[in-house]
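Visitor: Supplied in structure tokens, the structure appears directly below.
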Amino acid sequence: MTGLLFRRFIWFFPVIIVISLITFALMKLAPGGPWDRDAESKQVDPRTQKLLDQRFGLDRPLPEQYLRYMVGYINAKGSFECGVVCGNLGPSYRQRGKNVQDIFFGVPEGDGRNFFHSKFGYSLRLGLLSMSFAVFVGIPMGVISALRHNTSVDYLITLVTNVGVAVPSFVVAFFAIIVLAVGLHLIPVVQKSWSGITPWIVPAMVFGFGTLAQTARFTRSAMLEVMSQEFIRAARSKGLGERVVIWKHTVRNMLIPVVTNLGPALVGLITGSIVIENIFGIPGIGRDFVLSIGNRDYPLIMGTTLLYAVLIVLGNLSVDLLYGLIDPRVRSE
Amino acid sequence: MQTDARTLPAAAAAEQLAEPQGPVSRSQWSLAWRRFRRNRAALVSIAIILLYGLAGLFAPWLAPHNPVKDNSGRDYVPPFWRAHSPAGVAADLTFPLGTDSQGRDVLSRILYGTRSSMVAGLMPALIILVIGSTLGFLAGWAGGLTDQLVMRTTDIFYAFPDVLFLILIMVTLGSTPLGRLGNGLVLFLSALAVVSWTGLARLVRGSALSLKSLEFIDAARSSGASNARIIMRHLLPNSLSLMVVWAAFAVPRLIIAEAILGYLGLGLRPSITGKEFFVTSWGRLFLEAYSNVASQPDFLLVLSLVVSVFVISFTFLGDGLRDALDPRQKR
Amino acid sequence: MKNRNWSLMALGALATGALVLGACQPQVVEKEVVVTQIVEKTVEKEVEKIVVATAVPVEKTKLLRVNLGTYPDLIDPQKSSFVNEIAHLNKFYEGLTRLDAKLVTVPAAAESWAYNADATELTFALRAGLMYSDGSVLNAKRFEYSIIRNINPATAGEYATITNEIMGAPDWQDNTAAAGEETDAAKKAAAEKAAAEGEANVRASVQALGKDGAPCADYEQADCLTLKLKLSKSAPYFHTIMGLWVTYPAKEENIDAGGDQWWNSSKYQVGNGPYVLKALEPFVRASFVPNANYWGDQAMTALEYSYITDSAVSFQAYQNNEFDVVGLSAEDLKTAQADANLSKDINVYPGSCTTALQFRNFTKPFDDAQVRAAFSYALDRERWVKDVLKGLGSPALTWIPPGFPGFKEGETRFAYDADKAKAAIAASTYGSVDKLPPIVLSFGDTPRNRTRYEWLGQRFAEVFGTGLKLELNPIEPTAFTAMQKDKKSTLQMFIGGWCADYPDPQNWLSVYFNGSTSFASRIGFANAEFDALTVQADVELDNAKRADLYQQAQDKLVDANPVGFFWNNVNSYLVKPWVSGYNKTPQDAGYPGDITPQTIDIDLAQVP
């Protein structure tokens, strides 16, 4: 295991560097720049554009821009401005005055505001709740589905879990609002506050539905797999009660492949979704992933990508760690 | 939106460990077919999917109207079962499922959308299956440095901003003959596939890893079978059930990804005449129906229903195939 | 077996951890609230004093809840440029002048102003005893700082060039940019010197003066009530520009204290407008209360902005009585009209933009005036407004929109006429439609645009017949904007428009269509007669004569037909029946009547 950790640690840096290089190249190659606004709004005039380019170093050769961003540079006042290596993800071009790390982790003003009220904090809360929903509803559904294999219960569960992935999330979210807020008046259409758990329930359910469906599917299939294996049949033939067999042997074994799925899925959930954020008015970072690209806000593009990359590497690593922990064959690899 | 785009096929990024126990023989194929035939849900599903396929293929003959022809003043006509739409327009049987914001026939548009969306779901899935399973097998089978390299490449592809890549491809190649092929759909879907194979690769690698250690593979190896032969004869068939589960998941995700990327200004080119092969897609229709939901809620409902039936059929088909292909199922 | 137990425990812990973290976090947060409150109590008291002292005792329920849509990226008066940003700034700041409900420039922080004989010098007299919302003195020195901050290339504000009539401003900016670009040491030094001269020139041209006529010493000097501006050319419209957000007097010490992010905190956004920014919760809400220290009428309601960008959700929330004012989209209009209650809440009135089908006058086939004419005639504007805009717009046949000074009523040239369109093609050098080269109609690919261009493409095909080789070319929106700006790009025609910065024909004609501007050169429009007329009108001091010169210029513009004028936008909102007293103007930035928010009232008896 230490070997695995060490190897991954060694690989971590080239992976991050390659991702940053590819992203940098892609965003510079993509036509349009940070001062090209939506065609229907006012554009930055050429003179100001020149000044802005100089201020953000956009007039420099590309390799130099990359190094300035990743390592740092000497600023106009003669002091060293450190780059990504120090955790400085650079100044946003659109949200001027904020550095990218401020956008992610900056705590808004007001009493009692802490990390969980930063944009990343909101996304983290939503992601973890969605994940809990997906896991604690999805796994039992998959188990039941497998136990009642090819019966109407199985079909019903397949049907229900798939409705959530069959249409885009904005449609599911909107129908949820229509039914729960407009029809039944259980929640307001627009949440006034995000403290407590109640306001989060509906968004987390809508957002977690895709992962839930996926978890239920894979649980079902893994469970079927395990159930047909020799040791389960042996346990059954030994006359152990059905319930004991299921809980002691089957569920434990089938959990392994299912849980290993959830690493990347969790990363997907905690980095948010612009659709869910727009519809429910959640101040998360999901929109930054999308809008930064449309806005050609280069540091924010790099920042979101690097954040995501680090989370993915960590997610996959923890999956592999669990994987090795669970399955001895892989551990020896 | 990137969330949805980037997790799409990778949504099935499941390290599902198939643990088959023996080589696949001809009799097993026929066994599988027999098992499949017994699964009624899967049979119904296959019928439904075929029906959708035919509807899409013969859309020009089935559609009552030209799908792009707008009708001034006939906007927001409700479907036949409703007397008035919320916009206050009365039903009109020449438009059985009503009209959209421009007075275009909803039924015709959905029929034409079926055609594009089936391609949008299946074409990238096939490309991904080729790229993803090749790389996954390679990594799992070869192990060592190759495995490390492939898997770290997967990390890279997983994390990198695919929307940027798609923008770049669509803007630079959009006006070339390749970009115009299939009204822009071919280029777009290929580009999408190129950045979406990571989930499947991880999945296949996991499966290859666990297969590698099984006895029958060792036996094949010691009997002098070549690597290629082992992969083709043993690994591939044994990983099939897992690829099927993946595909059942990926196809609907890809269909919806087309909608989400359409929102960002990527994908199918619009049509003036309605004579092109691909005119509109379910994804596009979802965007149109959603922005007009207050005036024409039935459009969104009907569309959701049509797409859900297709997606759920696909899932049932996937389940049926998985069960049928499971080598351990004895019945 | 041991391993397995271990791992199961780990998994269990992970899962429970996720749940606990996710579920319980908010409660943990609330506990911490108590802790921090105790710690901060002493600090809070000070803040409280200030806020309570300035807030007018308004009944708590008199609150105007507006859904503003997109959250602003930036709320800095000298850097902002978007409407949603200005909708914030103009609540808690005020310029030297402002617009009234009829878009007439009226005194605001300045009591009066006067030009010298040739309108190259503008002198403002500020109101005596002006205060910021925190009670501190607001004198002319504050405006001097703001105006110079706007020009200063170090600020790199996006609207910096709007004050370029001030002597030295362009020199300061251009030479600073040149110095940054220059690699040759000697040339760089020369540019730097020129920039320094420009700066000195600006500083001499923007001067706050005391009673004695001497430059003011500091921000405390109470008799510092005169602001003198020297302009590089006659600019009789300049007092209107001095009401724009770029002149809003944000406090220098707050900008310094808050650093680059100063604008992100209500603590530093201390202003002189009718409202005080009480709290700013990014992407969720901004709360405003009336400013008791405002010189004029007090606002009657508190104000709250929300930021729901999804119009379908916002429409539902309005119907659920969660907002008092929301924007009304074309897609929802018909439904609102069909509803007995909602139909009474609809407010549709002229906006401040004109949109046109723009031809690249230097590309084939649009270098031929007859082809341009043909496509202008082929625009069925009435049907566009009816079918596509659903009535949220009005057909346009000229440049300056209705409601703005300079609007020409009764313009009919190039109105829709399919026969004239075909005749124009026949009269062109091409002779017939099928001899026209392929025409590509490019657009920024958004779902809304797609529907619009599909509609437009079909109309052209109908008018010109099947011989027309027309293709729709969707481009990712930002890439499209870049192509639009780039003269070398392959665009042939596209739809684009202009919205008024301030109500003066100069902002429409000289700023957009004068051959020297980036806009006109982008489409290759250069008309000597038009240019001469605008140049002459810009410096004309006689108002009637000036208006006439602009009218002649606009006439020439319509005649030359460099673009096909298409439609004027409208502002469209739903406003609850209990909201009253709003003055609808084309320049509204956030909600109806938001440039004169003091007249808006809420009838509490009607609020459910």
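The chains in the structure tokens are called A, B, ... from first to last as shown; in each chain the residues are counted from 1, and the ligands are counted from 1 in the order shown.
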Considering only C-alpha atoms, extract the chain A residues located within 7 Å of chain C and return them as a ChimeraX atom specification.

Guide: /A:31-32,36-40,44,47-48,50-52,54,94-98,108-109,111-112,125,128-129,132,182,189-190,195-197,278-279,281,283,294,325-326

Visitor: How would the residues just chosen look if you wrote them out with N, CA and C atoms as a short mmCIF file (atom, residue, chain, number, x, y, z; two decimals), in the first residue's frame?

Guide:
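So selection.cif came out as:
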```
data_model
loop_
_atom_site.label_atom_id
_atom_site.label_comp_id
_atom_site.auth_asym_id
_atom_site.auth_seq_id
_atom_site.Cartn_x
_atom_site.Cartn_y
_atom_site.Cartn_z
N PRO A 31 -10.84 30.12 -30.22
CA PRO A 31 -11.02 31.49 -30.69
C PRO A 31 -11.80 32.33 -29.68
N GLY A 32 -11.53 33.62 -29.71
CA GLY A 32 -12.19 34.52 -28.76
C GLY A 32 -11.33 34.69 -27.53
N ASP A 36 -13.98 39.48 -25.21
CA ASP A 36 -15.08 39.31 -26.15
C ASP A 36 -16.31 38.90 -25.36
N ARG A 37 -17.21 39.84 -25.24
CA ARG A 37 -18.39 39.58 -24.43
C ARG A 37 -19.49 38.98 -25.28
N ASP A 38 -20.53 38.60 -24.59
CA ASP A 38 -21.75 38.19 -25.26
C ASP A 38 -22.08 39.21 -26.34
N ALA A 39 -22.43 38.72 -27.55
CA ALA A 39 -22.58 39.61 -28.69
C ALA A 39 -23.63 40.70 -28.46
N GLU A 40 -24.57 40.46 -27.55
CA GLU A 40 -25.62 41.45 -27.35
C GLU A 40 -25.26 42.51 -26.33
N VAL A 44 -15.66 45.69 -24.78
CA VAL A 44 -14.55 46.51 -24.29
C VAL A 44 -13.89 47.18 -25.49
N ARG A 47 -8.80 50.31 -27.02
CA ARG A 47 -7.78 50.97 -26.21
C ARG A 47 -7.73 50.35 -24.81
N THR A 48 -8.90 50.19 -24.22
CA THR A 48 -8.96 49.59 -22.89
C THR A 48 -8.47 48.14 -22.93
N LYS A 50 -6.20 46.91 -24.76
CA LYS A 50 -4.74 46.88 -24.75
C LYS A 50 -4.21 47.01 -23.32
N LEU A 51 -4.81 47.95 -22.57
CA LEU A 51 -4.37 48.16 -21.19
C LEU A 51 -4.63 46.91 -20.34
N LEU A 52 -5.78 46.30 -20.57
CA LEU A 52 -6.13 45.11 -19.80
C LEU A 52 -5.18 43.95 -20.14
N GLN A 54 -2.15 44.19 -21.06
CA GLN A 54 -0.85 44.44 -20.40
C GLN A 54 -0.94 44.15 -18.92
N ARG A 94 -12.92 38.29 -15.14
CA ARG A 94 -14.30 38.76 -15.18
C ARG A 94 -14.73 39.31 -13.83
N GLN A 95 -14.44 38.56 -12.78
CA GLN A 95 -14.78 39.03 -11.44
C GLN A 95 -13.55 39.76 -10.91
N ARG A 96 -13.34 40.96 -11.45
CA ARG A 96 -12.06 41.63 -11.21
C ARG A 96 -11.86 41.95 -9.76
N GLY A 97 -10.63 41.74 -9.30
CA GLY A 97 -10.30 41.99 -7.91
C GLY A 97 -10.24 40.70 -7.12
N LYS A 98 -10.93 39.67 -7.62
CA LYS A 98 -10.90 38.40 -6.90
C LYS A 98 -9.88 37.47 -7.54
N PRO A 108 -18.16 34.80 2.42
CA PRO A 108 -18.85 36.08 2.30
C PRO A 108 -18.96 36.78 3.64
N GLU A 109 -19.19 38.11 3.56
CA GLU A 109 -19.28 38.88 4.79
C GLU A 109 -20.53 38.48 5.57
N ASP A 111 -22.19 37.69 9.86
CA ASP A 111 -21.92 36.94 11.07
C ASP A 111 -22.07 35.44 10.84
N GLY A 112 -21.23 34.69 11.51
CA GLY A 112 -21.38 33.25 11.49
C GLY A 112 -21.08 32.61 10.15
N ARG A 125 -21.46 20.84 0.44
CA ARG A 125 -22.64 20.42 1.20
C ARG A 125 -23.64 19.73 0.28
N LEU A 128 -22.21 16.25 -0.89
CA LEU A 128 -22.23 15.19 0.13
C LEU A 128 -23.64 14.71 0.39
N LEU A 129 -24.58 15.65 0.44
CA LEU A 129 -25.96 15.25 0.66
C LEU A 129 -26.48 14.41 -0.50
N SER A 132 -25.06 11.01 -0.21
CA SER A 132 -25.71 10.22 0.83
C SER A 132 -27.03 9.68 0.31
N VAL A 182 -45.16 24.68 -6.32
CA VAL A 182 -46.35 25.32 -6.87
C VAL A 182 -47.60 24.51 -6.54
N VAL A 189 -40.59 28.29 -4.10
CA VAL A 189 -39.93 28.12 -5.39
C VAL A 189 -38.46 28.52 -5.27
N VAL A 190 -38.23 29.65 -4.61
CA VAL A 190 -36.86 30.12 -4.41
C VAL A 190 -36.56 30.09 -2.91
N SER A 195 -29.64 27.56 5.49
CA SER A 195 -29.22 26.94 6.75
C SER A 195 -30.24 25.88 7.13
N GLY A 196 -29.78 24.90 7.90
CA GLY A 196 -30.66 23.77 8.21
C GLY A 196 -30.67 22.80 7.05
N ILE A 197 -31.37 21.72 7.22
CA ILE A 197 -31.29 20.67 6.20
C ILE A 197 -32.45 20.75 5.21
N ASN A 278 -28.49 27.01 -11.02
CA ASN A 278 -29.33 28.05 -11.60
C ASN A 278 -30.79 27.88 -11.22
N ILE A 279 -31.25 26.65 -11.24
CA ILE A 279 -32.68 26.44 -11.00
C ILE A 279 -33.01 26.64 -9.53
N GLY A 281 -31.02 28.25 -7.34
CA GLY A 281 -30.39 29.45 -6.79
C GLY A 281 -29.33 29.14 -5.75
N PRO A 283 -25.54 29.10 -4.49
CA PRO A 283 -24.31 29.80 -4.86
C PRO A 283 -23.08 28.89 -4.87
N GLY A 294 -17.05 29.94 -21.36
CA GLY A 294 -17.73 30.89 -22.23
C GLY A 294 -17.11 32.28 -22.13
N LEU A 325 -7.35 -2.62 -0.69
CA LEU A 325 -7.67 -3.03 0.67
C LEU A 325 -8.63 -4.21 0.67
N ILE A 326 -9.52 -4.17 -0.32
CA ILE A 326 -10.60 -5.14 -0.34
C ILE A 326 -10.21 -6.41 -1.09
#
```

Visitor: Would you mind writing down, as a ChimeraX atom specification, each residue of region 25-165 of chain A that DSSP on the backbone assigns to strand (DSSP E)?

Guide: /A:72-74,80-82

Visitor: Take the residues just selected and output them with all heavy atoms as a short mmCIF file (atom, residue, chain, number, x, y, z; two decimals), in the first residue's frame.

Guide:
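The resulting file, out-v8.cif, is reproduced below:
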```
data_model
loop_
_atom_site.label_atom_id
_atom_site.label_comp_id
_atom_site.auth_asym_id
_atom_site.auth_seq_id
_atom_site.Cartn_x
_atom_site.Cartn_y
_atom_site.Cartn_z
N GLY A 72 5.14 32.00 -11.23
CA GLY A 72 5.06 33.34 -10.67
C GLY A 72 5.85 34.33 -11.50
O GLY A 72 6.44 33.96 -12.52
N TYR A 73 5.85 35.57 -11.10
CA TYR A 73 6.58 36.60 -11.85
C TYR A 73 6.86 37.78 -10.94
O TYR A 73 6.32 37.90 -9.84
CB TYR A 73 5.75 37.05 -13.07
CG TYR A 73 4.44 37.71 -12.71
CD1 TYR A 73 4.31 39.09 -12.69
CD2 TYR A 73 3.32 36.94 -12.37
CE1 TYR A 73 3.11 39.69 -12.36
CE2 TYR A 73 2.13 37.52 -12.03
CZ TYR A 73 2.02 38.90 -12.02
OH TYR A 73 0.84 39.48 -11.68
N ILE A 74 7.74 38.64 -11.42
CA ILE A 74 8.04 39.87 -10.68
C ILE A 74 7.03 40.92 -11.13
O ILE A 74 6.93 41.22 -12.31
CB ILE A 74 9.46 40.38 -11.02
CG1 ILE A 74 10.50 39.26 -10.90
CG2 ILE A 74 9.81 41.59 -10.18
CD1 ILE A 74 10.88 38.87 -9.52
N PHE A 80 7.90 39.63 -5.87
CA PHE A 80 7.60 38.37 -6.54
C PHE A 80 6.16 37.94 -6.27
O PHE A 80 5.73 37.85 -5.13
CB PHE A 80 8.57 37.28 -6.07
CG PHE A 80 8.35 35.96 -6.77
CD1 PHE A 80 8.64 35.82 -8.13
CD2 PHE A 80 7.85 34.87 -6.07
CE1 PHE A 80 8.43 34.60 -8.77
CE2 PHE A 80 7.64 33.66 -6.72
CZ PHE A 80 7.94 33.53 -8.06
N GLU A 81 5.42 37.74 -7.34
CA GLU A 81 4.04 37.29 -7.21
C GLU A 81 4.02 35.79 -7.51
O GLU A 81 4.27 35.39 -8.65
CB GLU A 81 3.18 38.04 -8.22
CG GLU A 81 1.72 37.97 -7.92
CD GLU A 81 1.15 39.33 -7.50
OE1 GLU A 81 1.92 40.26 -7.17
OE2 GLU A 81 -0.05 39.44 -7.53
N CYS A 82 3.73 35.00 -6.50
CA CYS A 82 3.85 33.55 -6.67
C CYS A 82 2.61 32.98 -7.35
O CYS A 82 1.50 33.48 -7.18
CB CYS A 82 4.04 32.91 -5.30
SG CYS A 82 4.67 31.23 -5.44
#
```

Visitor: Provide as a PyMOL selection string the residues of chain B at most 8 Å from chain C, counting only C-alpha atoms.

Guide: chain B and resi 68+70+72-73+86-88+101-102+167+171+262-266+269-273+284+287-288+290-295

Visitor: Store the residues picked out above, limited to N, CA and C atoms, as a CSV table (one decimal), in the first residue's frame.

Guide:
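Produced file selection.csv, reproduced below:
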```
chain,number,residue,atom,x,y,z
B,68,VAL,N,-39.4,22.0,-40.0
B,68,VAL,CA,-38.8,23.3,-39.7
B,68,VAL,C,-39.8,24.4,-40.2
B,70,ASP,N,-42.4,27.0,-40.1
B,70,ASP,CA,-43.1,27.7,-39.1
B,70,ASP,C,-44.4,28.2,-39.6
B,72,SER,N,-47.1,31.1,-39.0
B,72,SER,CA,-47.3,32.4,-38.3
B,72,SER,C,-48.7,32.4,-37.6
B,73,GLY,N,-48.7,32.8,-36.4
B,73,GLY,CA,-50.0,32.9,-35.7
B,73,GLY,C,-50.5,31.5,-35.2
B,86,PRO,N,-52.0,26.9,-22.0
B,86,PRO,CA,-52.0,28.0,-21.0
B,86,PRO,C,-51.9,29.4,-21.8
B,87,ALA,N,-51.3,29.4,-23.0
B,87,ALA,CA,-51.2,30.6,-23.8
B,87,ALA,C,-52.6,31.0,-24.4
B,88,GLY,N,-53.6,30.1,-24.1
B,88,GLY,CA,-54.9,30.5,-24.6
B,88,GLY,C,-55.3,30.1,-26.0
B,101,SER,N,-43.1,27.2,-30.2
B,101,SER,CA,-43.2,28.7,-30.1
B,101,SER,C,-43.3,29.3,-31.5
B,102,GLN,N,-42.8,28.6,-32.5
B,102,GLN,CA,-42.8,29.2,-33.9
B,102,GLN,C,-43.9,28.6,-34.7
B,167,ILE,N,-15.3,23.1,-28.2
B,167,ILE,CA,-15.4,24.5,-28.8
B,167,ILE,C,-14.3,24.6,-29.9
B,171,VAL,N,-15.3,25.1,-33.8
B,171,VAL,CA,-15.0,26.3,-34.4
B,171,VAL,C,-14.0,26.2,-35.6
B,262,GLY,N,-25.6,21.5,-26.5
B,262,GLY,CA,-26.3,22.4,-27.4
B,262,GLY,C,-26.6,23.7,-26.7
B,263,TYR,N,-26.9,23.7,-25.4
B,263,TYR,CA,-27.1,24.9,-24.6
B,263,TYR,C,-25.9,25.8,-24.7
B,264,LEU,N,-24.7,25.2,-24.7
B,264,LEU,CA,-23.4,26.0,-24.8
B,264,LEU,C,-23.1,26.4,-26.2
B,265,GLY,N,-23.9,26.1,-27.1
B,265,GLY,CA,-23.6,26.5,-28.5
B,265,GLY,C,-22.8,25.5,-29.3
B,266,LEU,N,-22.9,24.2,-29.0
B,266,LEU,CA,-22.1,23.2,-29.7
B,266,LEU,C,-23.1,22.1,-30.3
B,269,ARG,N,-26.0,21.6,-36.7
B,269,ARG,CA,-26.3,22.9,-37.4
B,269,ARG,C,-27.8,23.0,-37.7
B,270,PRO,N,-28.3,24.2,-37.7
B,270,PRO,CA,-29.7,24.4,-37.9
B,270,PRO,C,-30.1,24.2,-39.4
B,271,SER,N,-31.3,24.0,-39.7
B,271,SER,CA,-31.8,23.7,-41.1
B,271,SER,C,-32.8,24.7,-41.5
B,272,ILE,N,-32.7,25.1,-42.8
B,272,ILE,CA,-33.6,26.1,-43.3
B,272,ILE,C,-34.7,25.3,-44.1
B,273,THR,N,-34.3,24.3,-44.8
B,273,THR,CA,-35.3,23.6,-45.7
B,273,THR,C,-36.0,22.4,-45.0
B,284,ARG,N,-32.0,19.2,-28.6
B,284,ARG,CA,-32.5,20.6,-29.0
B,284,ARG,C,-33.9,20.8,-28.6
B,287,LEU,N,-34.3,21.7,-25.0
B,287,LEU,CA,-34.0,23.1,-24.7
B,287,LEU,C,-35.2,24.0,-25.2
B,288,GLU,N,-35.7,23.7,-26.3
B,288,GLU,CA,-36.8,24.6,-26.8
B,288,GLU,C,-38.1,24.4,-25.9
B,290,TYR,N,-38.2,23.5,-22.9
B,290,TYR,CA,-38.0,24.0,-21.5
B,290,TYR,C,-38.2,25.5,-21.5
B,291,SER,N,-37.6,26.2,-22.5
B,291,SER,CA,-37.8,27.7,-22.4
B,291,SER,C,-39.2,28.1,-22.7
B,292,ASN,N,-40.0,27.3,-23.2
B,292,ASN,CA,-41.4,27.6,-23.4
B,292,ASN,C,-42.4,26.9,-22.5
B,293,VAL,N,-41.9,26.4,-21.4
B,293,VAL,CA,-42.7,25.5,-20.6
B,293,VAL,C,-43.9,26.2,-20.0
B,294,ALA,N,-43.9,27.5,-19.7
B,294,ALA,CA,-45.1,28.1,-19.2
B,294,ALA,C,-46.2,28.2,-20.2
B,295,SER,N,-45.8,28.4,-21.5
B,295,SER,CA,-46.8,28.5,-22.5
B,295,SER,C,-47.3,27.2,-23.1
```

Visitor: Within 6 Å of chain B, which residues of chain A show up when using only C-alpha atoms, listed as a list in words?

Guide: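 Contact residues on the first chain: Ile19, Ala30, Ala166, Pro168, Pro257, Asn261, Ser273, Ile274, Val290 and Ala309 of chain A.
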
Visitor: Considering only C-alpha atoms, can you say which of A:Leu147, A:Ile103, A:Met70, A:Val202 comes closest to Ile178 (chain A)?

Guide: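 The answer is A:Val202, which sits nearest to Ile178 (chain A).
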
Visitor: To one decimal in Å, tell me the separation between CA of Tyr512 (chain C) and CA of Ala396 (chain C).

Guide: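 Distance between the two atoms: 16.8 Å.
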
Visitor: With distances taken over only C-alpha atoms, which of A:Tyr122, A:Trp11, A:Tyr308, A:Phe218 is nearest to Met151 (chain B)?

Guide: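 Ranked by minimum distance to Met151 (chain B), first place goes to A:Trp11.
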
Visitor: Which of region 6-126 of chain B end up as alpha helix (DSSP H) when DSSP is run on this backbone - answer as an NGL selection string?

Guide: :B and (6-7 or 26-38 or 40-57 or 59-62 or 106-126)

Visitor: Would you mind listing what lies within 8 Å of Gln492 (chain C) as a PyMOL selection string, with only C-alpha atoms counted and same-chain residues fewer than 2 positions away left out?

Guide: chain C and resi 359-360+363-364+366+439-442+490+494

Visitor: Find the residues around Trp61 (chain B) up to 12 Å (only C-alpha atoms counted), leave out those fewer than 5 positions away in its own chain, and share them as a list in words.

Guide: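 What passes the distance filter is Leu54, Ala55, Gly56, Asn66, Pro67, Ser108, Leu111 and Tyr112 of chain B.
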
Visitor: Write a file of the just-selected residues containing all heavy atoms, as a short mmCIF file (atom, residue, chain, number, x, y, z; two decimals), in the first residue's frame.

Guide:
```
data_model
loop_
_atom_site.label_atom_id
_atom_site.label_comp_id
_atom_site.auth_asym_id
_atom_site.auth_seq_id
_atom_site.Cartn_x
_atom_site.Cartn_y
_atom_site.Cartn_z
N LEU B 54 -37.19 2.62 -36.53
CA LEU B 54 -37.95 2.73 -37.77
C LEU B 54 -38.59 4.11 -37.88
O LEU B 54 -38.58 4.74 -38.94
CB LEU B 54 -39.04 1.64 -37.81
CG LEU B 54 -38.50 0.22 -37.98
CD1 LEU B 54 -39.62 -0.80 -37.87
CD2 LEU B 54 -37.78 0.07 -39.33
N ALA B 55 -39.14 4.58 -36.76
CA ALA B 55 -39.77 5.90 -36.78
C ALA B 55 -38.77 6.96 -37.19
O ALA B 55 -39.06 7.85 -37.99
CB ALA B 55 -40.35 6.21 -35.40
N GLY B 56 -37.56 6.85 -36.65
CA GLY B 56 -36.53 7.82 -37.00
C GLY B 56 -36.15 7.71 -38.46
O GLY B 56 -36.05 8.72 -39.18
N ASN B 66 -43.56 19.46 -42.51
CA ASN B 66 -42.13 19.73 -42.56
C ASN B 66 -41.69 20.19 -41.17
O ASN B 66 -42.28 21.12 -40.61
CB ASN B 66 -41.87 20.83 -43.61
CG ASN B 66 -40.39 21.15 -43.75
OD1 ASN B 66 -39.62 21.00 -42.80
ND2 ASN B 66 -40.01 21.59 -44.93
N PRO B 67 -40.67 19.58 -40.59
CA PRO B 67 -40.34 19.87 -39.19
C PRO B 67 -39.81 21.28 -38.95
O PRO B 67 -39.80 21.73 -37.81
CB PRO B 67 -39.26 18.83 -38.87
CG PRO B 67 -38.66 18.49 -40.19
CD PRO B 67 -39.78 18.56 -41.18
N SER B 108 -43.90 16.13 -35.75
CA SER B 108 -42.89 15.99 -36.79
C SER B 108 -41.50 16.23 -36.24
O SER B 108 -40.54 15.53 -36.59
CB SER B 108 -43.16 16.99 -37.92
OG SER B 108 -44.48 16.88 -38.36
N LEU B 111 -40.33 13.23 -34.27
CA LEU B 111 -39.95 12.13 -35.16
C LEU B 111 -38.56 12.36 -35.74
O LEU B 111 -37.72 11.47 -35.75
CB LEU B 111 -40.98 12.00 -36.28
CG LEU B 111 -42.28 11.26 -35.89
CD1 LEU B 111 -43.32 11.43 -36.97
CD2 LEU B 111 -41.98 9.79 -35.66
N TYR B 112 -38.33 13.57 -36.23
CA TYR B 112 -37.00 13.87 -36.78
C TYR B 112 -35.93 13.85 -35.68
O TYR B 112 -34.79 13.46 -35.91
CB TYR B 112 -37.01 15.23 -37.48
CG TYR B 112 -37.42 15.15 -38.92
CD1 TYR B 112 -38.75 15.20 -39.30
CD2 TYR B 112 -36.48 15.00 -39.93
CE1 TYR B 112 -39.14 15.12 -40.61
CE2 TYR B 112 -36.84 14.91 -41.25
CZ TYR B 112 -38.18 14.97 -41.60
OH TYR B 112 -38.54 14.88 -42.91
#
```

Visitor: Rank A:Ala146, A:Ala213, A:Asp288, A:Pro61 by their smallest atom-to-atom distance to Met302 (chain A), using only C-alpha atoms, and report the top residue only.

Guide: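 Nearest to Met302 (chain A): A:Asp288.
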
Visitor: Please provide the set of residues having any atom within 9 Å of Arg296 (chain A), restricted to only C-alpha atoms, with same-chain residues fewer than 3 positions apart removed, written as a list in words.

Guide: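 Non-adjacent residues within range: Met27, Lys28, Ala30, Gly32, Gly33, Pro34, Trp35, Asp36, Tyr93, Arg94, Leu291, Ser292, Ile293, Pro299, Leu300 and Ile301 of chain A; Thr478 of chain C.
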